[in-house]
Amino acid sequence: MKGRTGLEYTKGWEMGERMRKSGIDTIGDISWGTHICQFYQTKEDLMDMLVPYFRAGLENNEFCLWLTSQPIEVEAAKEALRKAIPDFNNYLEKGQIEIISCTNWYLKENDFDSKRVLNSWAEKLNQAIANGHDGLRLSENTFWLEKEGCRNGFDEYREIHRISGNYQIIALCSYSIDRCNAAEILDVLTNHQFALIKKEGKWQQVASFQRKCTEEILLRKEEELQEANKALQESEESFRTLAENSPDMIARFDRKNRHLYANPAAADTCGCSQEEIIGKSNSELGMNPEQVKFWGRHYEKVFATGKPEKIEFHYTSPQGKEYYLNTQIVPEFVDGRVTSILAISRDITDIKETGTKLKETLDNLENLVKERTVELEKAYNSLKESERSLAEAQKMAHIGNWDRNLITGESYWSEETYRIFRRSTQKNSVKYDEFLSYIHPDDRDYVDKTIQNRLKESPQSIDYRIILADGEERTIHCEAEVVFDEKNVPIKARGIIQDITERRKAEKALKLSEEKYRIIAEQTRQLVYDYDVEKNDVDWAGNIKEFTGYDPEEFKNITLSRRSRVHPEDLDRLQSSIKKYMKYGGTYRSEYRCRKKDGSYTFVEDSGVCLKNEKGKVNRVLGTIKDITERKSSQERLEMSERKYRSFIQNFKGIVYQADENFIPQFLHGAVEEITGYSKEEFMSELPWKEIIDPEYLPTILNEGIRLRTSPDVTEREFKIKNRTGKIKWIHETCQKIPGENGKPIYQGVIYDITERKQAEETLANIETARKKETHHRIKNNLQVISSLLDLEAEKFKNRGYIKDSELLEAFRESQDRIISVALIHEELHKGKGTDTLNFSPYLQRLAKNLFQTYRIGDLNVSLNIELEDNILFEMETAVPLGLIVNELVSNSLKYAFPGSSKGIIQIKLCREKDRECRSNAPGSKKENNKVTSFILTVSDNGVGIPESIDLENTDTLGLQLVTILVDQLGGKLELKRGFGTVFSIEFTVAEEH
């Protein structure tokens with residue numbers, strides 16, 4: 001809160017002045033500046049606290065200000081004070097007390113202005129002191145904050161109380177405990193000296209130890225979040241350092257094709273500085289309009305599809321330099337949406353001129369850059385996930401407390417402690433041996449010995465693992481202290497626990513990110529160094545042994561004499577370059593020969609950036625050293641054979657052919673031998689083309705040849721061939737019939753080798769399978785979280801007397817069952833092969849058993865009989881409605897079919913009825929050649945039966961309405977049979993692929 005307020009002129013008291021009577025027995029006397037919070041449930045709770053509070057203020061010559069709202073209005077407040085204070089009307093007439101509506105006090109035209117409110121308080125306090133009163137006593141009810149549009153004023157409202165705590169003001173704030181969540185209650189406890197709540201008809205203070213421990217845990221979580229953010233920043237800086245020092249041109253664009261980032265190499269190529277490029281498009285930088293359009297089409301495609309693009313093009317810089325550039329355009333995602341793209345361009349001019357072998361080397365390097373980019377993106381996403389987990393943990397703050405009497409062995413656990421251990425809150429006191437049984441067997445002795453050895457120490461801190469009832473393993477952090485009697489004998493232990501499983505996962509992810517960074521440096525066969533100029537100390541990363549022949553420790557001791565390891569012919573040039581960049585800073589790049597331990601020399605590329613301190617002097621150098629010996633050798637060899645391979649580069653890479661009316665080749669040109677392993681002459685004379693076609697595809701090729709004779713359309717087909725060496729290759733063929741010179745038709749076409757594309761498509765399919773499995777896994781987890789939240793809400797209502805056994809609790813359980821039935825589908829799909837097809841029989845068995853566990857209460861003795869046909873596979877659109885139908889019908893039987901302690905049987909049966917060809921499939925559709933299979937699902941019981949008065953077409957029960965709707969959704973038929981028990985029979989059809 002900025003600006004000068006009237007309160008600055010009212011501060012004239014010292015903490016040493018006499019104490020004030022609070023009027024509250026559990027608190028006693030208090031000083032000016034005290035803030036008290038009261039958690040209430042009823043109007044009577046408010047009156048019980050506020051009436052004696054204001055009576056004490058009036059009797060002690062304090063000006064009283066009551067800011068009231070629901071459930072106590074102004075007139076009701078006055079009437080309550082008249083009954084409790086005999087001279088209340090006198091106090092009211094002489095102006096020693098005012099009762100005002102909160103909304104009228106805080107809001108003006110529905111607007112909350114903290115400065116205006118603070119000045120109003122200052123005015124009231126100044127008037128009170130001027131009229132001879134000792135100070136200001138006020139109370140307010142935060143119910144007004146529930147008003148729409150006022151929630152955003154809560155932080156400013158809290159700041160007002162913080163500032164007013166320095167003046168002659170005593171404040172009591174009332175909070176409806178039914179309207180506060182856990183985070184808000186924790187915030188209230190943190191910002192008030194006293195907190196009062198009514199337990200068993202008596203007002204009590206909230207325990208300070210628990211508040212203290214809670215604050216310490218939240219502080220620790222904040223520090224951990226800061227550490228994670230720091231690690232994320234360091235990872236980003238490392239990535240930026242690599243990009244800044246990369247010889248490749250790297251630029252980032254937004255959706256309007258404007259530059260978000262450009263590294264020095266990109267800026268040099270454009271003839272501009274980095275600052276001049278940022279925020280401008282290629283067109284605004286004066287690029288060739290045709291090239292701008294060419295780049296723009298590919299940028300738009302990557303934004304639209306979310307898939308990388310790879311292009312090659314010729315580029316002339318503003319300085320007139322000619323380039324051939326190979327550019328990889330990579331999408332960058334935020335929350336699943338492409339927000340920007342990264343263009344990584346490499347100068348391949350030399351490669352274009354020197355031929356195919358150098359191009360293969362460049363492709364390998366491009367793949368390494370791509371892999372490194374993907375790995376860094378994974379590391380970044382991992383850190384973001386860690387940050388998000390820590391933020392959620394800080395918000396939710398699941399903390400439980402416990403007490404243990406060391407004399408009697410009796411223990412107390414809070415409800416949150418029971419929830420952390422997933423144990424029933426209805427259990428009696430948990431004994432120490434039982435507590436130990438919950439701990440992971442590998443940690444049990446460690447925890448027991450630590451507790452016994454530290455009974456004379458306080459406080460204590462320990463981490464250990466527990467095993468939940470369902471077998472899940474969780475990690476727990478415990479803070480505790482021991483209470484001693486007057487003889488220094490430990491008599492009681494108490495403390496808090498917190499589930500830190502997610503934090504441990506975040507730490508593991510961070511460690512994994514650091515390991516990935518190290519692996520990237522090693523796998524790209526580069527040395528990364530960080531040179532502290534002032535300390536003359538260098539840190540190295542990468543595979544030093546392979547690169548130099550020295551062990552890491554041995555290499556560290558000799559790197560300072562790097563000039564002695566440079567080839568004499570390169571030394572003067574390198575020293576001149578070092579002197580220049582150490583003087584002026586900025587980026588640098590040098591190539592020279594470096595001597596290894598065995599005396600041999602390797603060509604290296606040394607590039608990096610010089611960083612300056614606040615005095616403008618270079619104090620740090622970051623860079624990479626890359627072995628380019630192979631590239632140099634390849635360049636020398638390829639320059640010698642340039643003329644030999646220039647013609648080969650210009651040749652066509654596929655096969656062009658013409659065939660006569662009998663499909664006998666008359667002309668072949670191109671990479672015939674490269675693709676097939678046979679020469680042109682062999683195909684023209686003795687080897688029929690069909691001899692090398694994979695037998696699986698030969699019938700189709702022959703049938704298409706027959707169709708091609710009567711059709712002028714272009715035919716495209718893909719099939720496999722076996723070349724001379726026996727290697728299988730994928731071929732794409734385009735063929736068309738055209739008139740020949742003699743009136744007879746001829747066939748001409750083009751053949752390409754698409755083996756690499758097919759392999760890439762298979763790789764992408766595997767990635768898509770993994771993505772689908774992860775999607776099902778996350779949906780299942782989210783549905784389980786929703787189910788748990790419903791369970792918590794049901795537990796909250798269950799503890800209220802007027803809610804127990806009501807339809808509301810039953811509705812909660814039914815909603816949970818429906819959610820779980822869908823969650824089980826996604827869990828089964830996650831376990832599968834990544835398709836959206838579910839093996840329905842195992843799923844039905846799990847669903848039914850889960851329902852029996854949910855409704856197994858009292859003396860209910862009902863058995864389950866399941867008859868399911870094997871290998872019934874349904875898509876999601878069929879599996880979800882069927883799962884919900886079974887959930888509703890089985891739940892209905894469990895709840896109503898067997899009243900009292902009746903014995904009974906519930907039967908579920910699913911089988912195929914018959915197969916028939918699908919008559920509705922049009923030619924060319926995706927379902928062509930599918931067959932329709934009829935299924936019958938039967939859910940029955942031998943219970944009391946459904947009353948005749950219930951009509952399925954006009955039922956008023958939600959469950960049966962839902963069943964009817966879902967059967968219609970499936971296009972099925974529902975039949976109900978009454979008599980001995982109840983039988984629901986559902987007939988439906990599903991189209992299955994051959």
# chains A, B, ... in the order shown; residues from 1 in each chain; ligands from 1
>>> select_by_dssp(residues="range 499-740 of chain A", states="alpha helix (DSSP H)", output="PyMOL selection string")
chain A and resi 501-523+544-548+552-558+568-584+629-640+642-650+672-676+680-685+698-709
>>> residues_around(residues="Ser893 in chain A", least_positions_apart="6", cutoff="12 Å", atoms="only C-alpha atoms", output="number ranges by chain")
A: 848, 851-852, 855, 860, 862-864, 886-887, 899, 904-908, 939-946, 959-960, 981-984
>>> residues_around(residues="Tyr53 in chain A", least_positions_apart="3", cutoff="6 Å", atoms="only C-alpha atoms", output="MDAnalysis selection string")
chainID A and resid 23 50 56
>>> write_last_selection(atoms="N, CA and C atoms", output="CSV table (one decimal), in the first residue's frame")
chain,number,residue,atom,x,y,z
A,23,GLY,N,-11.9,-8.6,27.5
A,23,GLY,CA,-13.3,-9.1,27.7
A,23,GLY,C,-13.4,-10.5,27.3
A,50,LEU,N,-18.7,-11.2,20.8
A,50,LEU,CA,-18.6,-9.8,20.5
A,50,LEU,C,-19.2,-8.9,21.6
A,56,ALA,N,-16.2,-4.6,27.4
A,56,ALA,CA,-14.9,-4.2,28.0
A,56,ALA,C,-14.4,-2.9,27.5
>>> atom_distance(atom1="CA of Lys596 in chain A", atom2="CA of Ile625 in chain A")
13.6 Å
>>> atom_distance(atom1="CA of Asp433 in chain A", atom2="CA of Arg504 in chain A")
26.9 Å
>>> atom_distance(atom1="CA of Glu704 in chain A", atom2="CA of Asn662 in chain A")
13.6 Å
>>> closest_residue(among="A:Lys301, A:Arg419, A:Lys737, A:Lys690", to="Lys720 in chain A", atoms="only C-alpha atoms")
A:Lys690
>>> closest_residue(among="A:Leu611, A:Ile399, A:Ile329, A:Ile754", to="Ile675 in chain A", atoms="only C-alpha atoms")
A:Ile754
>>> closest_residue(among="A:Pro745, A:Gly495, A:Gly883, A:Gly95", to="Glu481 in chain A", atoms="only C-alpha atoms")
A:Gly495
>>> residues_around(residues="Ile664 in chain A", least_positions_apart="3", cutoff="12 Å", atoms="only C-alpha atoms", output="PyMOL selection string")
chain A and resi 657-661+667-668+683-690+746-748
